[in-house]
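So this one's data_29.pdb, PDB, C-alpha atoms and all ligand atoms:
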```pdb
ATOM      1  CA  MET L   8      10.788  -6.091 -10.486
ATOM      2  CA  ASN L   9       7.356  -6.820  -9.026
ATOM      3  CA  ILE L  10       6.796  -5.670  -5.452
ATOM      4  CA  LEU L  11       3.935  -7.153  -3.441
ATOM      5  CA  THR L  12       2.442  -4.907  -0.756
ATOM      6  CA  PHE L  13      -0.748  -4.738   1.308
ATOM      7  CA  ASP L  14      -2.284  -1.904   3.307
ATOM      8  CA  ILE L  15      -3.789  -3.293   6.503
ATOM      9  CA  GLU L  16      -6.225  -0.641   7.641
ATOM     10  CA  GLU L  17      -9.573  -2.240   7.180
ATOM     11  CA  TRP L  18     -13.028  -1.119   6.583
ATOM     12  CA  TYR L  19     -13.906   0.690   9.734
ATOM     13  CA  VAL L  20     -11.124   3.300   9.558
ATOM     14  CA  TYR L  21     -13.160   5.068   6.932
ATOM     15  CA  GLU L  22     -16.041   7.126   8.217
ATOM     16  CA  LEU L  23     -17.626   5.990   4.981
ATOM     17  CA  TYR L  24     -18.368   2.590   6.481
ATOM     18  CA  PRO L  25     -20.333   3.615   9.570
ATOM     19  CA  LYS L  26     -22.722   0.671   9.472
ATOM     20  CA  GLY L  27     -19.974  -1.878   9.786
ATOM     21  CA  GLY L  28     -18.028  -1.396  12.961
ATOM     22  CA  LYS L  29     -15.281  -3.472  14.468
ATOM     23  CA  ALA L  30     -17.515  -6.211  15.842
ATOM     24  CA  TYR L  31     -18.815  -6.948  12.372
ATOM     25  CA  TYR L  32     -15.595  -6.679  10.449
ATOM     26  CA  THR L  33     -12.971  -8.220  12.700
ATOM     27  CA  PRO L  34     -14.031 -11.851  12.093
ATOM     28  CA  ILE L  35     -14.040 -11.190   8.348
ATOM     29  CA  LEU L  36     -10.621  -9.610   8.545
ATOM     30  CA  ASN L  37      -9.313 -12.667  10.380
ATOM     31  CA  GLY L  38     -10.801 -15.113   7.875
ATOM     32  CA  CYS L  39      -9.681 -13.259   4.763
ATOM     33  CA  LEU L  40      -6.221 -12.658   6.156
ATOM     34  CA  THR L  41      -5.663 -16.299   7.103
ATOM     35  CA  ARG L  42      -6.725 -17.417   3.630
ATOM     36  CA  LEU L  43      -4.294 -14.906   2.096
ATOM     37  CA  LEU L  44      -1.369 -15.849   4.360
ATOM     38  CA  ASP L  45      -1.925 -19.559   3.662
ATOM     39  CA  PHE L  46      -1.895 -18.893  -0.057
ATOM     40  CA  LEU L  47       1.322 -16.843   0.134
ATOM     41  CA  ASP L  48       2.926 -19.665   2.158
ATOM     42  CA  GLU L  49       1.936 -22.193  -0.494
ATOM     43  CA  ARG L  50       3.538 -20.029  -3.162
ATOM     44  CA  ASN L  51       6.550 -19.342  -0.962
ATOM     45  CA  THR L  52       5.961 -15.631  -1.622
ATOM     46  CA  ARG L  53       6.749 -12.882   0.857
ATOM     47  CA  ALA L  54       5.259  -9.391   0.906
ATOM     48  CA  THR L  55       5.346  -6.079   2.735
ATOM     49  CA  PHE L  56       2.303  -5.282   4.913
ATOM     50  CA  PHE L  57       1.807  -1.619   5.816
ATOM     51  CA  CYS L  58      -0.168  -1.622   9.087
ATOM     52  CA  LEU L  59      -1.857   1.189  10.985
ATOM     53  CA  GLY L  60      -0.322   2.039  14.352
ATOM     54  CA  ILE L  61      -3.719   1.658  16.038
ATOM     55  CA  MET L  62      -3.846  -1.959  14.866
ATOM     56  CA  ALA L  63      -0.932  -2.684  17.185
ATOM     57  CA  ILE L  64      -3.385  -1.803  19.978
ATOM     58  CA  SER L  65      -6.736  -2.978  18.572
ATOM     59  CA  HIS L  66      -5.564  -6.108  16.713
ATOM     60  CA  PRO L  67      -2.056  -6.954  17.964
ATOM     61  CA  GLN L  68      -2.481 -10.631  17.101
ATOM     62  CA  ILE L  69      -3.090  -9.775  13.452
ATOM     63  CA  VAL L  70       0.067  -7.686  13.084
ATOM     64  CA  LYS L  71       2.114 -10.303  14.968
ATOM     65  CA  GLN L  72       0.745 -13.146  12.900
ATOM     66  CA  ILE L  73       1.785 -11.430   9.661
ATOM     67  CA  ALA L  74       5.321 -10.814  10.953
ATOM     68  CA  GLU L  75       5.682 -14.325  12.392
ATOM     69  CA  ARG L  76       4.832 -15.797   9.014
ATOM     70  CA  GLY L  77       7.879 -14.116   7.516
ATOM     71  CA  HIS L  78       6.479 -10.938   5.982
ATOM     72  CA  GLU L  79       7.807  -7.398   6.367
ATOM     73  CA  ILE L  80       5.853  -4.914   8.461
ATOM     74  CA  GLY L  81       5.770  -1.274   7.435
ATOM     75  CA  CYS L  82       3.787   1.639   8.824
ATOM     76  CA  HIS L  83       0.590   2.983   7.211
ATOM     77  CA  SER L  84       0.236   5.986   9.593
ATOM     78  CA  ASN L  85      -1.491   5.792  12.950
ATOM     79  CA  LYS L  86      -5.178   6.402  12.180
ATOM     80  CA  HIS L  87      -5.325   6.714   8.397
ATOM     81  CA  ILE L  88      -5.766  10.482   8.273
ATOM     82  CA  LEU L  89      -4.845  11.957   4.885
ATOM     83  CA  LEU L  90      -1.848  14.284   4.957
ATOM     84  CA  ASN L  91      -3.701  17.297   3.615
ATOM     85  CA  GLN L  92      -5.777  17.192   6.830
ATOM     86  CA  LEU L  93      -2.717  17.350   9.082
ATOM     87  CA  SER L  94      -0.222  20.097   9.914
ATOM     88  CA  PRO L  95       3.459  19.083   9.849
ATOM     89  CA  GLU L  96       3.363  19.011  13.659
ATOM     90  CA  GLN L  97       0.318  16.715  13.715
ATOM     91  CA  PHE L  98       1.904  14.472  11.103
ATOM     92  CA  ARG L  99       5.084  14.283  13.226
ATOM     93  CA  GLU L 100       3.000  13.156  16.214
ATOM     94  CA  ASP L 101       0.938  10.680  14.151
ATOM     95  CA  THR L 102       4.065   9.115  12.633
ATOM     96  CA  PHE L 103       5.922   8.909  15.936
ATOM     97  CA  GLN L 104       2.984   7.232  17.645
ATOM     98  CA  ALA L 105       2.362   4.750  14.843
ATOM     99  CA  ILE L 106       5.978   3.652  14.547
ATOM    100  CA  ASP L 107       6.402   3.511  18.313
ATOM    101  CA  ARG L 108       3.352   1.246  18.683
ATOM    102  CA  LEU L 109       4.415  -1.137  15.932
ATOM    103  CA  GLN L 110       8.001  -1.275  17.173
ATOM    104  CA  ASN L 111       6.905  -1.965  20.748
ATOM    105  CA  LEU L 112       4.660  -4.775  19.593
ATOM    106  CA  LEU L 113       7.177  -6.459  17.317
ATOM    107  CA  GLY L 114      10.462  -5.563  19.006
ATOM    108  CA  GLU L 115      12.005  -4.565  15.711
ATOM    109  CA  LYS L 116      12.711  -1.359  13.814
ATOM    110  CA  ILE L 117      10.022  -0.130  11.429
ATOM    111  CA  GLU L 118      11.733   1.509   8.451
ATOM    112  CA  MET L 119       9.071   1.281   5.723
ATOM    113  CA  TYR L 120       6.153   3.635   5.300
ATOM    114  CA  ARG L 121       3.115   4.275   3.105
ATOM    115  CA  ALA L 122       0.891   7.312   3.668
ATOM    116  CA  PRO L 123      -2.913   6.864   3.660
ATOM    117  CA  ALA L 124      -4.207   6.998   0.077
ATOM    118  CA  PHE L 125      -0.751   7.895  -1.336
ATOM    119  CA  SER L 126      -1.193  11.378   0.111
ATOM    120  CA  ILE L 127       2.399  12.615  -0.053
ATOM    121  CA  LYS L 128       2.430  15.013  -2.968
ATOM    122  CA  ALA L 129       4.167  18.255  -3.928
ATOM    123  CA  THR L 130       2.076  20.218  -1.413
ATOM    124  CA  THR L 131       2.861  17.796   1.445
ATOM    125  CA  ARG L 132       6.485  17.029   0.602
ATOM    126  CA  TRP L 133       7.493  18.225   4.091
ATOM    127  CA  ALA L 134       6.303  14.802   5.216
ATOM    128  CA  LEU L 135       9.383  13.098   3.772
ATOM    129  CA  GLU L 136      11.702  15.024   6.086
ATOM    130  CA  ILE L 137       9.544  14.040   9.088
ATOM    131  CA  LEU L 138       9.618  10.390   8.032
ATOM    132  CA  VAL L 139      13.419  10.464   7.937
ATOM    133  CA  GLU L 140      13.451  12.032  11.430
ATOM    134  CA  ASN L 141      11.354   9.072  12.615
ATOM    135  CA  GLY L 142      13.730   6.460  11.243
ATOM    136  CA  VAL L 143      11.914   5.682   7.993
ATOM    137  CA  LYS L 144      14.301   4.711   5.189
ATOM    138  CA  TYR L 145      11.901   3.461   2.523
ATOM    139  CA  ASP L 146       8.741   5.266   1.465
ATOM    140  CA  CYS L 147       5.934   4.087  -0.864
ATOM    141  CA  SER L 148       3.556   7.066  -0.561
ATOM    142  CA  VAL L 149       3.795   8.827  -3.902
ATOM    143  CA  PHE L 150       1.288   8.623  -6.726
ATOM    144  CA  PRO L 151       3.476   9.565  -9.696
ATOM    145  CA  GLY L 152       3.000  11.376 -12.948
ATOM    146  CA  ARG L 153      -0.083  13.330 -13.928
ATOM    147  CA  LEU L 154      -2.333  10.925 -12.056
ATOM    148  CA  GLN L 155      -1.947  12.507  -8.651
ATOM    149  CA  PRO L 156      -5.502  12.901  -7.364
ATOM    150  CA  GLY L 157      -6.187  16.442  -6.279
ATOM    151  CA  GLY L 158      -2.679  17.773  -6.439
ATOM    152  CA  VAL L 159       0.606  18.263  -8.191
ATOM    153  CA  ALA L 160       2.809  15.220  -8.574
ATOM    154  CA  LEU L 161       5.874  15.012  -6.403
ATOM    155  CA  GLN L 162       7.676  13.218  -9.184
ATOM    156  CA  GLU L 163       7.067  12.209 -12.781
ATOM    157  CA  ARG L 164       9.399   9.258 -12.720
ATOM    158  CA  ASN L 165       7.785   5.834 -12.936
ATOM    159  CA  TYR L 166      10.664   4.192 -11.058
ATOM    160  CA  PRO L 167      12.240   4.383  -7.581
ATOM    161  CA  SER L 168      14.358   7.398  -6.626
ATOM    162  CA  LEU L 169      16.629   8.576  -3.860
ATOM    163  CA  ILE L 170      15.198  11.794  -2.465
ATOM    164  CA  THR L 171      17.223  14.220  -0.372
ATOM    165  CA  THR L 172      15.493  16.012   2.499
ATOM    166  CA  PRO L 173      16.967  18.392   5.106
ATOM    167  CA  SER L 174      17.078  15.436   7.548
ATOM    168  CA  GLY L 175      18.717  12.967   5.166
ATOM    169  CA  ILE L 176      18.027  10.699   2.237
ATOM    170  CA  ILE L 177      14.927   8.544   1.737
ATOM    171  CA  TYR L 178      14.395   5.754  -0.809
ATOM    172  CA  GLU L 179      11.168   6.476  -2.672
ATOM    173  CA  PHE L 180       9.174   3.685  -4.341
ATOM    174  CA  PRO L 181       6.242   5.380  -6.119
ATOM    175  CA  LEU L 182       3.120   3.581  -7.269
ATOM    176  CA  SER L 183       3.752   2.341 -10.817
ATOM    177  CA  TYR L 184       1.695   3.096 -13.921
ATOM    178  CA  SER L 185       1.685   2.364 -17.619
ATOM    179  CA  THR L 186       1.136   4.716 -20.527
ATOM    180  CA  VAL L 187      -1.605   3.515 -22.890
ATOM    181  CA  TRP L 188      -2.669   5.728 -25.803
ATOM    182  CA  SER L 189      -0.870   8.621 -24.079
ATOM    183  CA  LYS L 190      -2.974   8.112 -20.949
ATOM    184  CA  GLN L 191      -1.331   7.118 -17.680
ATOM    185  CA  LEU L 192      -2.972   4.030 -16.249
ATOM    186  CA  VAL L 193      -2.654   2.507 -12.787
ATOM    187  CA  TYR L 194      -3.454  -1.204 -12.807
ATOM    188  CA  SER L 195      -1.556  -2.899  -9.998
ATOM    189  CA  GLY L 196      -3.745  -2.442  -6.950
ATOM    190  CA  GLY L 197      -6.966  -1.484  -5.185
ATOM    191  CA  GLY L 198      -9.979  -0.583  -7.323
ATOM    192  CA  PHE L 199      -7.824  -0.363 -10.472
ATOM    193  CA  PHE L 200      -6.862  -4.023 -10.155
ATOM    194  CA  ARG L 201     -10.482  -5.033  -9.604
ATOM    195  CA  PHE L 202     -11.685  -2.885 -12.510
ATOM    196  CA  PHE L 203      -9.394  -3.865 -15.404
ATOM    197  CA  PRO L 204      -9.618  -7.257 -17.112
ATOM    198  CA  TYR L 205      -6.894  -9.641 -16.035
ATOM    199  CA  ALA L 206      -5.476  -9.984 -19.578
ATOM    200  CA  LEU L 207      -4.770  -6.233 -19.661
ATOM    201  CA  ILE L 208      -3.198  -6.233 -16.188
ATOM    202  CA  ARG L 209      -0.969  -9.156 -17.116
ATOM    203  CA  SER L 210       0.140  -7.535 -20.360
ATOM    204  CA  LEU L 211       0.927  -4.161 -18.689
ATOM    205  CA  THR L 212       2.816  -5.926 -15.889
ATOM    206  CA  GLN L 213       4.892  -7.872 -18.415
ATOM    207  CA  LYS L 214       5.809  -4.677 -20.263
ATOM    208  CA  SER L 215       6.848  -2.702 -17.198
ATOM    209  CA  GLU L 216      10.260  -3.143 -15.568
ATOM    210  CA  TYR L 217       8.842  -1.788 -12.295
ATOM    211  CA  ASN L 218       5.506  -2.872 -10.799
ATOM    212  CA  MET L 219       4.482  -1.638  -7.355
ATOM    213  CA  THR L 220       1.275  -3.318  -6.164
ATOM    214  CA  TYR L 221      -1.064  -2.370  -3.319
ATOM    215  CA  PHE L 222      -3.901  -4.542  -2.073
ATOM    216  CA  HIS L 223      -6.277  -4.435   0.881
ATOM    217  CA  ILE L 224      -7.931  -7.357   2.609
ATOM    218  CA  ARG L 225     -11.305  -5.786   1.793
ATOM    219  CA  ASP L 226     -10.467  -5.977  -1.945
ATOM    220  CA  PHE L 227     -10.889  -9.748  -1.631
ATOM    221  CA  ASP L 228     -13.949  -9.954   0.595
ATOM    222  CA  SER L 229     -16.918 -10.592  -1.657
ATOM    223  CA  GLN L 230     -19.167 -11.308   1.363
ATOM    224  CA  GLN L 231     -18.788  -7.869   2.936
ATOM    225  CA  LYS L 232     -21.758  -5.681   3.631
ATOM    226  CA  ARG L 233     -22.171  -3.078   0.883
ATOM    227  CA  VAL L 234     -22.471   0.363   2.390
ATOM    228  CA  CYS L 235     -24.022   2.918   0.097
ATOM    229  CA  SER L 236     -21.694   5.886  -0.337
ATOM    230  CA  PHE L 237     -20.043   7.981  -3.008
ATOM    231  CA  ARG L 238     -17.201   5.460  -2.843
ATOM    232  CA  TYR L 239     -19.515   2.593  -3.848
ATOM    233  CA  PHE L 240     -17.867   1.972  -7.206
ATOM    234  CA  GLN L 241     -14.362   2.455  -5.842
ATOM    235  CA  SER L 242     -15.036   0.130  -2.922
ATOM    236  CA  TYR L 243     -16.937  -2.758  -4.464
ATOM    237  CA  TYR L 244     -16.580  -2.868  -8.249
ATOM    238  CA  GLY L 245     -15.208  -6.226  -9.400
ATOM    239  CA  ILE L 246     -15.024  -7.601  -5.880
ATOM    240  CA  ASN L 247     -16.593 -10.915  -6.902
ATOM    241  CA  GLY L 248     -13.705 -12.885  -8.329
ATOM    242  CA  ALA L 249     -11.068 -10.369  -7.197
ATOM    243  CA  TYR L 250      -9.328 -12.860  -4.935
ATOM    244  CA  GLU L 251      -9.116 -15.478  -7.700
ATOM    245  CA  LYS L 252      -7.719 -12.787 -10.001
ATOM    246  CA  PHE L 253      -5.139 -11.872  -7.377
ATOM    247  CA  CYS L 254      -4.111 -15.537  -6.960
ATOM    248  CA  ARG L 255      -3.599 -15.814 -10.701
ATOM    249  CA  TYR L 256      -1.461 -12.678 -10.635
ATOM    250  CA  VAL L 257       0.781 -14.099  -7.911
ATOM    251  CA  LYS L 258       1.088 -17.393  -9.814
ATOM    252  CA  ASP L 259       1.925 -15.674 -13.112
ATOM    253  CA  PHE L 260       4.659 -13.350 -11.809
ATOM    254  CA  ASP L 261       7.517 -13.456  -9.330
ATOM    255  CA  PHE L 262       6.842 -11.008  -6.515
ATOM    256  CA  VAL L 263       9.235  -9.759  -3.850
ATOM    257  CA  PRO L 264       8.767  -7.675  -0.700
ATOM    258  CA  LEU L 265      10.154  -4.143  -0.538
ATOM    259  CA  GLY L 266      13.292  -5.128   1.390
ATOM    260  CA  VAL L 267      14.348  -7.461  -1.422
ATOM    261  CA  ALA L 268      13.557  -4.867  -4.099
ATOM    262  CA  VAL L 269      15.833  -2.348  -2.347
ATOM    263  CA  LYS L 270      18.766  -4.660  -3.003
ATOM    264  CA  MET L 271      17.864  -5.185  -6.674
ATOM    265  CA  ILE L 272      18.352  -1.525  -7.611
ATOM    266  CA  ASN L 273      21.476   0.365  -8.605
ATOM    267  CA  TRP L 274      20.797   3.505  -6.570
ATOM    268  CA  GLU L 275      23.784   5.545  -7.750
ATOM    269  CA  ARG L 276      21.940   6.730 -10.848
ATOM    270  CA  LEU L 277      18.748   7.635  -9.056
ATOM    271  CA  LEU L 278      19.413  10.653  -6.854
ATOM    272  CA  LEU L 279      16.631  13.211  -7.024
ATOM    273  CA  THR L 280      16.453  16.445  -5.079
ATOM    274  CA  VAL L 281      12.962  17.579  -4.187
TER     275      VAL L 281
HETATM  276 ZN    ZN I 301      -4.910   2.928   3.360
END
```

Translate the structure described by the file into structure tokens.
Ligand SMILES: [Zn+2]
Amino acid sequence: MNILTFDIEEWYVYELYPKGGKAYYTPILNGCLTRLLDFLDERNTRATFFCLGIMAISHPQIVKQIAERGHEIGCHSNKHILLNQLSPEQFREDTFQAIDRLQNLLGEKIEMYRAPAFSIKATTRWALEILVENGVKYDCSVFPGRLQPGGVALQERNYPSLITTPSGIIYEFPLSYSTVWSKQLVYSGGGFFRFFPYALIRSLTQKSEYNMTYFHIRDFDSQQKRVCSFRYFQSYYGINGAYEKFCRYVKDFDFVPLGVAVKMINWERLLLTV
């Protein structure tokens, strides 16, 4: 099972890209996105796009265009604030606002969610209950195993789970990884995808029964202005040729959006209480 997802947040949500700004980046976002959507159409491939709530206000045509071309829209928070910077009350407000904005724009229920930078972890597990309260059924916010940056993993399992919360059950689709020489390796998205050689990514994907991808439009924009920051390597390494690499990946494997993956799983075996 290979799940294709994108996080539509874009450059300027990070304070790390102060020299860019919306006026500079919006045309690039449009161009890169159109190229990507055309390619997915050609391949007859559908994906899940996690969009920020503020994009429903600042770039409504972009969110609408993605949905109208047959892709699923999920929520990627309202303003891309990491969960460890929010209280449960602030997170409740952020989630409500984001989902409300996307639902009002599209006229459909938003039931899929991914937290900024996979920031639901053991210390912020209260977020899952709040997501359920806000109508979210499917979550993709957990960085599994020992790889959790800056925190304790919420779960070790490298496969989807059903998680019970005080408000009800949520279907959890963690980011996938592979174990190579007893090291856990993420390869299916973001800077990891740009960094590793394609032959390795293809081989790890073939070996794994569960691959959860995550891409950003900026991962494919080799023309973008390089802004010097401590994220330089993370943001730009391997960006030349990244789009071609991505196209090869989509040609070599069958990808499905999250909603299709949900139906491919026998959930009875997968109940986990956190
Ligand atoms: Zn993000």

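Going from CA of Ser210 in chain L to CA of Lys190 in chain L covers 16.0 Å.
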
*Which residue, L:Val139, L:Leu192, L:Val187, L:Ile88, has the smallest gap to ligand ZN 301 (chain I) when you use all atoms listed in the file?*
L:Ile88

Report as a CSV table (one decimal) with C-alpha atoms, in the coordinates of the input the residues that result from applying the PyMOL selection byres (((not hetatm)) within 7 of (chain I and resi 301)) to the structure here.
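Below is the file that was written, result03.csv:
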```
chain,number,residue,atom,x,y,z
L,14,ASP,CA,-2.3,-1.9,3.3
L,16,GLU,CA,-6.2,-0.6,7.6
L,83,HIS,CA,0.6,3.0,7.2
L,87,HIS,CA,-5.3,6.7,8.4
L,123,PRO,CA,-2.9,6.9,3.7
L,124,ALA,CA,-4.2,7.0,0.1
```

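Between Trp133 in chain L and the residues L:Pro95, L:Gly81, L:Pro181, L:Pro34, the shortest atom-to-atom distance, using all atoms listed in the file, involves L:Pro95.
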
*Please provide the set of residues having any atom within 12 Å of Asn273 in chain L, restricted to all atoms listed in the file, with same-chain residues fewer than 4 positions apart removed, written as a ChimeraX atom specification.*
/L:166-169,178,268-269,277-278

C-alpha atoms of the current selection, written as a compact mmCIF listing (two decimals), keeping the file's coordinate frame:
```txt
# COMPACT_ATOMS: atom_id res chain seq x y z
CA TYR L 166 10.66 4.19 -11.06
CA PRO L 167 12.24 4.38 -7.58
CA SER L 168 14.36 7.40 -6.63
CA LEU L 169 16.63 8.58 -3.86
CA TYR L 178 14.40 5.75 -0.81
CA ALA L 268 13.56 -4.87 -4.10
CA VAL L 269 15.83 -2.35 -2.35
CA LEU L 277 18.75 7.64 -9.06
CA LEU L 278 19.41 10.65 -6.85
```

_Output check: residues returned by the PyMOL selection byres (((chain L and resi 63-80) around 10) and not hetatm), as a PyMOL selection string_ = chain L and resi 12-13+15+29+33+36-37+40-41+44-45+47-48+52-62+81-83+85+105-113+115-120+264-266

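Pairwise distance (CA of Tyr221 in chain L, CA of Arg99 in chain L) equals 24.3 Å.
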
*Work out how far apart CA of Gln191 in chain L and CA of Glu163 in chain L are and give it in Å to one decimal.*
11.0 Å

*Do you know which residues are at most 12 Å from Met8 in chain L counting all atoms listed in the file, after dropping those on the same chain fewer than 3 positions away, and could you put them as a list in words?*
Leu11, Tyr166, Pro167, Phe180, Ser183, Thr212, Gln213, Lys214, Ser215, Glu216, Tyr217, Asn218, Met219, Thr220, Phe260, Asp261, Phe262, Val263, Pro264, Leu265, Val267, Ala268, Val269, Lys270, Met271 and Ile272 of chain L

Any chance you can output those residues with C-alpha atoms as a compact mmCIF listing (two decimals), in the coordinates of the input?
```txt
# COMPACT_ATOMS: atom_id res chain seq x y z
CA LEU L 11 3.94 -7.15 -3.44
CA TYR L 166 10.66 4.19 -11.06
CA PRO L 167 12.24 4.38 -7.58
CA PHE L 180 9.17 3.68 -4.34
CA SER L 183 3.75 2.34 -10.82
CA THR L 212 2.82 -5.93 -15.89
CA GLN L 213 4.89 -7.87 -18.42
CA LYS L 214 5.81 -4.68 -20.26
CA SER L 215 6.85 -2.70 -17.20
CA GLU L 216 10.26 -3.14 -15.57
CA TYR L 217 8.84 -1.79 -12.30
CA ASN L 218 5.51 -2.87 -10.80
CA MET L 219 4.48 -1.64 -7.36
CA THR L 220 1.27 -3.32 -6.16
CA PHE L 260 4.66 -13.35 -11.81
CA ASP L 261 7.52 -13.46 -9.33
CA PHE L 262 6.84 -11.01 -6.52
CA VAL L 263 9.24 -9.76 -3.85
CA PRO L 264 8.77 -7.68 -0.70
CA LEU L 265 10.15 -4.14 -0.54
CA VAL L 267 14.35 -7.46 -1.42
CA ALA L 268 13.56 -4.87 -4.10
CA VAL L 269 15.83 -2.35 -2.35
CA LYS L 270 18.77 -4.66 -3.00
CA MET L 271 17.86 -5.18 -6.67
CA ILE L 272 18.35 -1.52 -7.61
```

*asked:* I'd like the contact shell of Ile176 in chain L - 9 Å cut-off, only C-alpha atoms, skipping same-chain residues fewer than 4 positions apart - returned as a ChimeraX atom specification.
replied: /L:136,139,144,169-172

*Could you spell out the hits of the PyMOL selection byres (((chain L and resi 205) around 10) and not hetatm) on the shown file, as a list in words?*
Tyr194, Phe200, Arg201, Phe202, Phe203, Pro204, Ala206, Leu207, Ile208, Arg209, Ser210, Leu211, Ala249, Lys252, Phe253, Arg255 and Tyr256 of chain L

3 Å per side around range 261-268 of chain L: axis-aligned box centre and edge lengths, as AutoDock Vina command-line options:
```
--center_x 10.6 --center_y -8.8 --center_z -4.0 --size_x 13.5 --size_y 15.3 --size_z 16.7
```

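For the choices L:His223, L:Arg276, L:Arg132, L:Lys258, the atom-to-atom distance to Glu17 in chain L is smallest for L:His223 when using all atoms listed in the file.
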
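Ranking L:Thr131, L:Gln97, L:Gln104, L:Ser126 by their shortest atom-to-atom distance to Phe150 in chain L, with all atoms listed in the file included, puts L:Ser126 first.
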